[in-house]
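Here is the structure we will look at, set down as structure tokens.
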Protein chains: 2
Amino acid sequence: MLNATSPARSSAIAARTMPKTNRIGEAFELLQAHLPITRHLVREGDRVYQVGQRMDCLFVVFSGSFKTVNLASDGREQVVGLHLKGDWLGFDGIAEGQHACDAVAMDVGEVWSVQYAALLLSCALQPALLSLVHAAMSREITRERNSMMSLCTLPANARVADFLHGWAEALAERGLRTDQITLRMSRAEIGNYLGMTLESVSRAMSQLARDNVIGFPEKGRRHVQIPDVSALSRFVQRSVSLAEAVPTLQ
Amino acid sequence: MLNATSPARSSAIAARTMPKTNRIGEAFELLQAHLPITRHLVREGDRVYQVGQRMDCLFVVFSGSFKTVNLASDGREQVVGLHLKGDWLGFDGIAEGQHACDAVAMDVGEVWSVQYAALLLSCALQPALLSLVHAAMSREITRERNSMMSLCTLPANARVADFLHGWAEALAERGLRTDQITLRMSRAEIGNYLGMTLESVSRAMSQLARDNVIGFPEKGRRHVQIPDVSALSRFVQRSVSLAEAVPTLQ
DNA sequence: CGCAAAGTTGAGCGTCCTCAAGCAGCGTGG
DNA sequence: CCACGCTGCTTGAGGACGCTCAACTTTGCG
């Protein structure tokens with residue numbers, strides 16, 4: 001009954017099987033229908049929240065791109081996540097009641113904030129809302145695991161290829177074009193995220209360009225042309241089988 | 001009112017400030033009080049669930065230790081998480097409705113399974129239960145981020161030290177002794193988890209033993225003596241500042 | 001007791017990091 | 001308008017850390 005009258009009629013099951021672009025759109029409708037949300041415009045460098053800050057709100061990316069940055073007590077700093085439209089920010093703060101990382105805008109954009117307390121109350125009344133939040137957390141966990149896997153099993157060149165592939169896929173899920181993407185991160189940030197130096201990132205991208213897996217159409221080296229996204233997967237694939245080829249020859 | 005009569009009276013706030021050992025104990029009471037749970041005994045190598053399998057249940061570790069293993073389509077395999085008493089298994093499966101990794105027992109132990117559908121219903125009625133689940137997911141996200149950070153910013157020796165430190169801390173949180181721990185993983189598994197070879201793990205542990213940060217009291221090299229857990233942190237610390245020392249001299 | 005599996009250790013090598021130099025894009029100011 | 005400096009990117013040379021391969025030792029189990 002509640003489902004039938006709500007603007008987003010999708011149950012958890014339906015959400016699973018429908019195109020992801022729709023899923024994200026309906027998520028915003030669902031939020032707007034059942035919660036008091038506040039919209040915040042941000043510019044590059046703006047901090048959505050900082051480590052140690054009290055976790056009162058969760059945030060949902062409406063537009064733009066964001067990074068989450070972990071800070072160790074010894075000063076080590078690491079980009080641990082990238083977030084686009086539909087992604088949530090702040091889950092890390094739930095357990096301890098305060099944020100465990102910084103969330104920083106990499107671009108102009110908009111985030112919606114929702115009071116966590118209010119969200120919990122609404123979730124109790126709105127199963128679809130609860131499913132939405134759980135799915136977002138679940139996706140976050142899965143994505144981080146895939147990042148770990150990339151870090152642990154791929155050589156530097158393939159890691160960059162996998163990164164670009166992931167970014168293109170994320171854009172595709174949101175109905176954006178993937179043949180021509182603009183990186184909002186410097187080589188140093190990409191390297192930090194991928195566990196390598198900025199020089200290695202640069203060399204990897206030069207290599208990918210030499211192999212015609214990507215291209216640099218304009219002057220700015222942050223504009224990357226990806227004629228065929230699957231070519232990036234194949235590049236990763238090749239690196240893996242190449243590494244395994246030597247042992248099997250023995 | 002409901003809270004007052006439930007066996008676990010802890011609100012989310014209270015759970016945050018109380019000792020973690022209690023927190024875990026009360027979590028099981030809360031589960032048992034409000035949900036139909038099934039207890040499963042497992043032995044080493046038993047699979048709690050497998051990738052691709054339908055996600056009907058979530059699982060909570062009651063005893064023993066478990067690993068989650070990611071499988072890529074190209075055959076790459078990677079241990080992406082370790083789980084002890086109180087940890088949940090299966091969050092990765094919520095978004096897509098099917099499990100995204102394998103969960104494998106590394107030891108004799110016990111897991112409790114709960115129907116995810118039933119859990120959702122109970123969460124709507126029991127705020128404390130909802131908080132419990134969210135806190136567990138949040139902790140999972142935070143832990144994985146810390147793993148990523150370790151992978152990206154630490155050299156091999158320090159990564160092993162950090163791994164042992166994390167394991168000891170996890171035991172301490174559960175009220176277990178940390179001066180004498182038994183690794184339930186082979187060097188190869190540890191290496192896979194930490195993104196290095198089994199030889200490098202072996203060398204790192206030998207190095208730690210040479211520095212008297214750990215010891216091997218018995219014959220079996222899986223029994224590790226940790227006279228002072230903070231010495232492991234200090235070893236990590238030293239590796240970080242050592243790496244930074246050279247650049248600052250320039 | 002003997003075999004298989006796991007762990008240790010060493011030597012050589014490759015990938016990636018460090019350091020350095022040069023280049024490209026871009027805003028500022030003479 | 002272009003010189004100027006600044007920041008970010010690229011490329012190269014050399015070196016170090018960790019991987020590969022191999023031999024050996026230890027442990028656990030039938």
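Starting from 1 in every chain, residues are counted up; chains themselves are A, B, ... following the order of the structure tokens, and ligands are numbered from 1 as listed.
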
Who sits within 9 Å of C:DT8, only C-alpha atoms (C1' of nucleotides), same chain under 4 positions skipped, as a count of residues only
7

Name the residues in contact with D:DG5 at a cut-off of 12 Å, using only C-alpha atoms (C1' of nucleotides), excluding same-chain residues fewer than 4 positions from it; report them as a list of chain:residue names.
C:DC26, C:DG27, C:DT28, C:DG29

Counting only C-alpha atoms (C1' of nucleotides), figure out which residue out of A:Val213, A:Ala135, A:Leu198, A:Ala231 gets nearest to chain D.
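Answer, going by the shortest atom-to-atom distance: A:Leu198.
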
Give one line per residue of chain D that approaches chain A to at most 8 Å, naming the two atoms of the closest pair and their distance in Å to one decimal, counting only C-alpha atoms (C1' of nucleotides); sort by chain then ascending residue number and deliver it as JSON lines.
```
{"residue": "D:DG8", "atom": "C1'", "partner": "A:Ser186", "partner_atom": "CA", "distance": 7.6}
{"residue": "D:DC9", "atom": "C1'", "partner": "A:Ser202", "partner_atom": "CA", "distance": 7.3}
{"residue": "D:DT10", "atom": "C1'", "partner": "A:Ser202", "partner_atom": "CA", "distance": 6.9}
```

Show me, as number ranges by chain, the residues of chain C whose atoms get within 9 Å of chain B, using only C-alpha atoms (C1' of nucleotides) for the distance check.
C: 6-9

C-alpha atoms (C1' of nucleotides) of the current selection, written as a CSV table (one decimal), in the first residue's frame:
```csv
chain,number,residue,atom,x,y,z
C,6,DA,C1',54.7,-25.7,4.9
C,7,DG,C1',58.3,-22.7,6.0
C,8,DT,C1',62.9,-20.6,5.7
C,9,DT,C1',66.7,-18.7,3.4
```

Report the closest atom pair, with its distance in Å rounded to one decimal, for each residue of chain A that has an atom no farther than 7 Å from chain B; count only C-alpha atoms, sort by chain and then rising residue number, and write it as JSON lines.
```
{"residue": "A:Arg16", "atom": "CA", "partner": "B:Glu96", "partner_atom": "CA", "distance": 6.2}
{"residue": "A:Asp74", "atom": "CA", "partner": "B:Gln237", "partner_atom": "CA", "distance": 7.0}
{"residue": "A:Gln78", "atom": "CA", "partner": "B:Met149", "partner_atom": "CA", "distance": 6.3}
{"residue": "A:Val80", "atom": "CA", "partner": "B:Arg145", "partner_atom": "CA", "distance": 6.1}
{"residue": "A:Phe91", "atom": "CA", "partner": "B:Ser138", "partner_atom": "CA", "distance": 5.6}
{"residue": "A:Asp92", "atom": "CA", "partner": "B:Ser138", "partner_atom": "CA", "distance": 5.0}
{"residue": "A:Gly93", "atom": "CA", "partner": "B:Ser138", "partner_atom": "CA", "distance": 6.9}
{"residue": "A:Ile94", "atom": "CA", "partner": "B:Ala135", "partner_atom": "CA", "distance": 5.8}
{"residue": "A:Ala95", "atom": "CA", "partner": "B:Ala135", "partner_atom": "CA", "distance": 4.2}
{"residue": "A:Glu96", "atom": "CA", "partner": "B:Arg16", "partner_atom": "CA", "distance": 6.1}
{"residue": "A:Cys123", "atom": "CA", "partner": "B:Ala124", "partner_atom": "CA", "distance": 6.9}
{"residue": "A:Ala124", "atom": "CA", "partner": "B:Ala124", "partner_atom": "CA", "distance": 3.9}
{"residue": "A:Leu125", "atom": "CA", "partner": "B:Ala124", "partner_atom": "CA", "distance": 6.7}
{"residue": "A:His134", "atom": "CA", "partner": "B:Ile94", "partner_atom": "CA", "distance": 6.9}
{"residue": "A:Ala135", "atom": "CA", "partner": "B:Ala95", "partner_atom": "CA", "distance": 4.2}
{"residue": "A:Ser138", "atom": "CA", "partner": "B:Asp92", "partner_atom": "CA", "distance": 5.0}
{"residue": "A:Arg139", "atom": "CA", "partner": "B:Ala95", "partner_atom": "CA", "distance": 5.9}
{"residue": "A:Ile141", "atom": "CA", "partner": "B:Ile141", "partner_atom": "CA", "distance": 5.8}
{"residue": "A:Thr142", "atom": "CA", "partner": "B:Asp92", "partner_atom": "CA", "distance": 5.5}
{"residue": "A:Glu144", "atom": "CA", "partner": "B:Glu144", "partner_atom": "CA", "distance": 6.7}
{"residue": "A:Arg145", "atom": "CA", "partner": "B:Val80", "partner_atom": "CA", "distance": 6.1}
{"residue": "A:Met148", "atom": "CA", "partner": "B:Met148", "partner_atom": "CA", "distance": 6.0}
{"residue": "A:Met149", "atom": "CA", "partner": "B:Gln78", "partner_atom": "CA", "distance": 6.2}
{"residue": "A:Cys152", "atom": "CA", "partner": "B:Gly195", "partner_atom": "CA", "distance": 4.2}
{"residue": "A:Thr153", "atom": "CA", "partner": "B:Gly195", "partner_atom": "CA", "distance": 6.8}
{"residue": "A:Gly195", "atom": "CA", "partner": "B:Cys152", "partner_atom": "CA", "distance": 4.2}
{"residue": "A:Gln237", "atom": "CA", "partner": "B:Asp74", "partner_atom": "CA", "distance": 7.0}
```

Write the selection just made, keeping C-alpha atoms, as a tab-separated table (two decimals), in the first residue's frame?
```tsv
chain	number	residue	atom	x	y	z
A	16	ARG	CA	17.77	-5.00	-8.68
A	74	ASP	CA	51.32	9.22	11.67
A	78	GLN	CA	45.31	8.10	1.28
A	80	VAL	CA	40.28	5.41	-0.33
A	91	PHE	CA	28.71	5.37	6.31
A	92	ASP	CA	32.13	5.12	7.92
A	93	GLY	CA	30.90	7.34	10.75
A	94	ILE	CA	27.95	5.25	11.86
A	95	ALA	CA	29.80	2.77	14.06
A	96	GLU	CA	31.69	5.27	16.18
A	123	CYS	CA	13.54	3.43	7.41
A	124	ALA	CA	11.39	1.78	10.06
A	125	LEU	CA	8.29	2.97	8.20
A	134	HIS	CA	21.48	-1.19	2.71
A	135	ALA	CA	22.12	-1.58	-0.98
A	138	SER	CA	26.60	-3.16	0.38
A	139	ARG	CA	27.84	-1.66	-2.86
A	141	ILE	CA	31.75	-2.80	0.67
A	142	THR	CA	31.90	-4.65	-2.63
A	144	GLU	CA	36.29	-1.50	-1.72
A	145	ARG	CA	36.94	-5.22	-1.98
A	148	MET	CA	41.83	-4.24	-2.66
A	149	MET	CA	41.87	-6.97	-5.25
A	152	CYS	CA	47.00	-6.85	-4.57
A	153	THR	CA	46.86	-8.75	-7.82
A	195	GLY	CA	49.32	2.76	-4.37
A	237	GLN	CA	43.37	-9.47	-18.69
```

Write out as a list in words which residues come within 12 Å of C:DA20 when counting only C-alpha atoms (C1' of nucleotides), dropping same-chain ones fewer than 4 positions away.
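My reading of the contact set: DT11, DG12, DA13 and DG14 of chain D.
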
Okay, now the selection with N, CA and C atoms (P, O5', C5', C4', C3', O3' and C1' of nucleotides), as a PDB file, in the first residue's frame?
```pdb
ATOM      1  P    DT D  11      55.954  10.722 -22.444  1.00  0.00           P
ATOM      2  O5'  DT D  11      57.506  10.545 -22.140  1.00  0.00           O
ATOM      3  C5'  DT D  11      58.404  11.609 -22.446  1.00  0.00           C
ATOM      4  C4'  DT D  11      59.738  11.406 -21.754  1.00  0.00           C
ATOM      5  C3'  DT D  11      60.240   9.954 -21.734  1.00  0.00           C
ATOM      6  O3'  DT D  11      61.446   9.901 -22.499  1.00  0.00           O
ATOM      7  C1'  DT D  11      60.578  11.039 -19.660  1.00  0.00           C
ATOM      8  P    DG D  12      62.139   8.501 -22.850  1.00  0.00           P
ATOM      9  O5'  DG D  12      63.405   8.539 -21.885  1.00  0.00           O
ATOM     10  C5'  DG D  12      64.292   9.646 -21.931  1.00  0.00           C
ATOM     11  C4'  DG D  12      65.287   9.587 -20.800  1.00  0.00           C
ATOM     12  C3'  DG D  12      65.926   8.209 -20.567  1.00  0.00           C
ATOM     13  O3'  DG D  12      67.342   8.363 -20.547  1.00  0.00           O
ATOM     14  C1'  DG D  12      65.080   9.102 -18.534  1.00  0.00           C
ATOM     15  P    DA D  13      68.287   7.083 -20.579  1.00  0.00           P
ATOM     16  O5'  DA D  13      68.895   7.136 -19.103  1.00  0.00           O
ATOM     17  C5'  DA D  13      69.491   8.345 -18.616  1.00  0.00           C
ATOM     18  C4'  DA D  13      70.025   8.104 -17.212  1.00  0.00           C
ATOM     19  C3'  DA D  13      70.697   6.756 -17.015  1.00  0.00           C
ATOM     20  O3'  DA D  13      71.779   6.920 -16.111  1.00  0.00           O
ATOM     21  C1'  DA D  13      68.833   6.910 -15.583  1.00  0.00           C
ATOM     22  P    DG D  14      72.757   5.707 -15.801  1.00  0.00           P
ATOM     23  O5'  DG D  14      72.378   5.344 -14.299  1.00  0.00           O
ATOM     24  C5'  DG D  14      72.502   6.348 -13.285  1.00  0.00           C
ATOM     25  C4'  DG D  14      71.876   5.840 -11.994  1.00  0.00           C
ATOM     26  C3'  DG D  14      72.391   4.470 -11.545  1.00  0.00           C
ATOM     27  O3'  DG D  14      72.739   4.564 -10.171  1.00  0.00           O
ATOM     28  C1'  DG D  14      70.023   4.488 -11.605  1.00  0.00           C
TER      29       DG D  14
END
```

Compile the contact shell of C:DC3 as a list in words: residues with an atom at most 12 Å away, counting only C-alpha atoms (C1' of nucleotides), same-chain residues fewer than 3 positions apart removed.
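So the residues in contact are DT27, DG28, DC29 and DG30 of chain D.
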
Give me the residues within 6 Å of stretch 24-41 of chain A as a ChimeraX atom specification, counting only C-alpha atoms (C1' of nucleotides) and dropping any in the same chain fewer than 3 places off.
/A:8,21,86,109-114

Residue nearest A:Ala168 - candidates A:Ser200, A:Asn212, A:Gln207, A:Ser233, atoms counted: only C-alpha atoms
A:Ser233

Would you work out the distance separating atom CA of A:Leu242 from atom CA of A:Ala161, expressed in Å to one decimal?
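Here the two named atoms are 15.2 Å from each other.
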
Atom CA of B:Tyr116 to atom CA of B:Glu173, distance in Å rounded to a single decimal:
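That distance, rounded to one decimal, is 26.8 Å.
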
Nearest residue to A:Val104 out of A:Met55, A:Val48, A:Leu119, A:Ala156, using only C-alpha atoms?
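Nearest candidate to A:Val104 out of A:Met55, A:Val48, A:Leu119, A:Ala156: A:Val48.
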
Got a sec to tell me which of stretch 112-236 of chain A DSSP assigns to helix (DSSP H, G or I), as a PyMOL selection string?
chain A and resi 116-125+127-153+156-173+187-194+198-210+229-236

Pairwise distance for atom CA of A:Phe163 and atom CA of A:Arg210, rounded to one decimal in Å:
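A separation of 17.6 Å between them.
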
Show me, as an MDAnalysis selection string, the residues that have an atom within 8 Å of B:Glu44 when counting only C-alpha atoms (C1' of nucleotides), minus same-chain residues fewer than 3 positions from it.
chainID B and resid 104:108

DSSP on the backbone: which residues in stretch 1-248 of chain A end up as strand (DSSP E or B)? Give the answer as a ChimeraX atom specification.
/A:37-42,47-49,54,57-63,66-71,77-83,88-89,98,102-105,109-115,180-182,215,223-225

Output of the above residues as a short mmCIF file (atom, residue, chain, number, x, y, z; two decimals), in the first residue's frame, restricted to N, CA and C atoms:
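Below you can see again-v3.cif, which holds the result:
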```cif
data_model
loop_
_atom_site.label_atom_id
_atom_site.label_comp_id
_atom_site.auth_asym_id
_atom_site.auth_seq_id
_atom_site.Cartn_x
_atom_site.Cartn_y
_atom_site.Cartn_z
N ILE A 37 15.38 16.69 3.45
CA ILE A 37 16.76 16.73 2.98
C ILE A 37 17.18 18.17 2.76
N THR A 38 18.47 18.41 2.86
CA THR A 38 19.01 19.74 2.58
C THR A 38 19.99 19.61 1.44
N ARG A 39 19.88 20.52 0.49
CA ARG A 39 20.78 20.46 -0.66
C ARG A 39 21.93 21.42 -0.45
N HIS A 40 23.13 20.96 -0.75
CA HIS A 40 24.32 21.79 -0.58
C HIS A 40 25.09 21.86 -1.88
N LEU A 41 25.36 23.07 -2.32
CA LEU A 41 26.23 23.23 -3.48
C LEU A 41 27.67 23.27 -2.99
N VAL A 42 28.55 22.61 -3.71
CA VAL A 42 29.96 22.59 -3.32
C VAL A 42 30.84 22.96 -4.50
N ARG A 47 35.00 20.60 1.79
CA ARG A 47 34.91 19.39 2.58
C ARG A 47 33.47 19.14 3.01
N VAL A 48 32.94 17.99 2.67
CA VAL A 48 31.58 17.64 3.08
C VAL A 48 31.59 17.34 4.57
N TYR A 49 32.60 16.59 5.00
CA TYR A 49 32.83 16.38 6.43
C TYR A 49 34.29 16.04 6.64
N ARG A 54 31.49 14.99 14.37
CA ARG A 54 30.33 14.18 14.76
C ARG A 54 29.51 13.80 13.55
N CYS A 57 24.77 13.62 10.08
CA CYS A 57 24.12 13.47 8.78
C CYS A 57 24.85 12.46 7.91
N LEU A 58 24.09 11.83 7.03
CA LEU A 58 24.68 11.15 5.90
C LEU A 58 24.46 12.05 4.68
N PHE A 59 25.24 11.79 3.64
CA PHE A 59 25.14 12.62 2.45
C PHE A 59 24.97 11.74 1.22
N VAL A 60 24.25 12.25 0.26
CA VAL A 60 24.11 11.55 -1.02
C VAL A 60 24.58 12.49 -2.12
N VAL A 61 25.45 11.98 -2.96
CA VAL A 61 25.97 12.78 -4.06
C VAL A 61 24.87 12.96 -5.11
N PHE A 62 24.55 14.21 -5.41
CA PHE A 62 23.56 14.47 -6.45
C PHE A 62 24.24 14.81 -7.78
N SER A 63 25.34 15.54 -7.68
CA SER A 63 26.13 15.79 -8.89
C SER A 63 27.57 16.10 -8.50
N PHE A 66 33.38 13.21 -5.82
CA PHE A 66 33.93 13.39 -4.47
C PHE A 66 34.94 12.30 -4.17
N LYS A 67 35.89 12.63 -3.30
CA LYS A 67 36.83 11.60 -2.85
C LYS A 67 36.75 11.50 -1.34
N THR A 68 36.98 10.31 -0.82
CA THR A 68 37.11 10.13 0.63
C THR A 68 38.58 9.86 0.92
N VAL A 69 39.09 10.56 1.93
CA VAL A 69 40.51 10.52 2.24
C VAL A 69 40.72 10.05 3.67
N ASN A 70 41.47 8.97 3.81
CA ASN A 70 41.81 8.44 5.13
C ASN A 70 43.07 9.12 5.64
N LEU A 71 43.09 9.41 6.92
CA LEU A 71 44.27 10.00 7.53
C LEU A 71 44.74 9.11 8.67
N GLU A 77 48.42 9.70 4.36
CA GLU A 77 47.16 10.18 3.81
C GLU A 77 46.86 9.37 2.57
N GLN A 78 45.61 8.98 2.41
CA GLN A 78 45.31 8.10 1.28
C GLN A 78 43.90 8.28 0.79
N VAL A 79 43.76 8.44 -0.49
CA VAL A 79 42.43 8.45 -1.10
C VAL A 79 41.91 7.02 -1.10
N VAL A 80 40.79 6.77 -0.45
CA VAL A 80 40.28 5.41 -0.33
C VAL A 80 38.98 5.19 -1.09
N GLY A 81 38.41 6.27 -1.63
CA GLY A 81 37.18 6.06 -2.38
C GLY A 81 36.84 7.24 -3.27
N LEU A 82 36.16 6.94 -4.36
CA LEU A 82 35.68 7.97 -5.27
C LEU A 82 34.17 7.79 -5.41
N HIS A 83 33.46 8.91 -5.48
CA HIS A 83 32.01 8.84 -5.40
C HIS A 83 31.32 9.75 -6.40
N TRP A 88 26.57 7.31 -1.53
CA TRP A 88 26.41 7.89 -0.20
C TRP A 88 27.76 8.19 0.41
N LEU A 89 27.78 9.20 1.24
CA LEU A 89 29.00 9.56 1.97
C LEU A 89 28.69 9.56 3.46
N GLN A 98 31.31 9.19 14.81
CA GLN A 98 32.06 10.30 14.21
C GLN A 98 32.77 9.82 12.96
N ASP A 102 37.89 12.08 5.65
CA ASP A 102 37.42 13.32 5.05
C ASP A 102 36.68 13.00 3.76
N ALA A 103 35.66 13.77 3.47
CA ALA A 103 35.00 13.69 2.17
C ALA A 103 35.16 15.03 1.49
N VAL A 104 35.78 15.03 0.32
CA VAL A 104 36.15 16.27 -0.35
C VAL A 104 35.59 16.30 -1.76
N ALA A 105 35.03 17.45 -2.13
CA ALA A 105 34.53 17.62 -3.49
C ALA A 105 35.71 17.80 -4.44
N GLY A 109 29.54 20.70 -7.52
CA GLY A 109 28.56 19.64 -7.42
C GLY A 109 27.52 19.93 -6.35
N GLU A 110 26.73 18.92 -6.08
CA GLU A 110 25.67 19.10 -5.08
C GLU A 110 25.54 17.81 -4.27
N VAL A 111 25.48 17.97 -2.97
CA VAL A 111 25.18 16.82 -2.10
C VAL A 111 23.90 17.11 -1.33
N TRP A 112 23.18 16.05 -1.07
CA TRP A 112 22.01 16.15 -0.20
C TRP A 112 22.39 15.60 1.16
N SER A 113 22.03 16.29 2.21
CA SER A 113 22.29 15.77 3.54
C SER A 113 20.98 15.33 4.17
N VAL A 114 21.05 14.24 4.90
CA VAL A 114 19.89 13.80 5.67
C VAL A 114 20.34 13.48 7.08
N GLN A 115 19.55 13.92 8.03
CA GLN A 115 19.83 13.60 9.43
C GLN A 115 19.78 12.08 9.59
N GLN A 180 34.89 9.73 -23.82
CA GLN A 180 35.63 10.97 -23.65
C GLN A 180 35.45 11.41 -22.19
N ILE A 181 36.40 11.06 -21.35
CA ILE A 181 36.20 11.37 -19.94
C ILE A 181 37.25 12.38 -19.46
N THR A 182 36.86 13.11 -18.43
CA THR A 182 37.76 14.11 -17.84
C THR A 182 38.11 13.69 -16.41
N GLY A 215 43.47 7.51 -25.55
CA GLY A 215 44.07 8.58 -26.34
C GLY A 215 43.98 9.89 -25.60
N HIS A 223 42.09 15.00 -20.11
CA HIS A 223 41.01 14.56 -20.99
C HIS A 223 41.45 13.25 -21.62
N VAL A 224 40.76 12.20 -21.33
CA VAL A 224 41.15 10.88 -21.83
C VAL A 224 40.08 10.34 -22.76
N GLN A 225 40.55 9.91 -23.90
CA GLN A 225 39.66 9.31 -24.88
C GLN A 225 39.69 7.80 -24.72
#
```
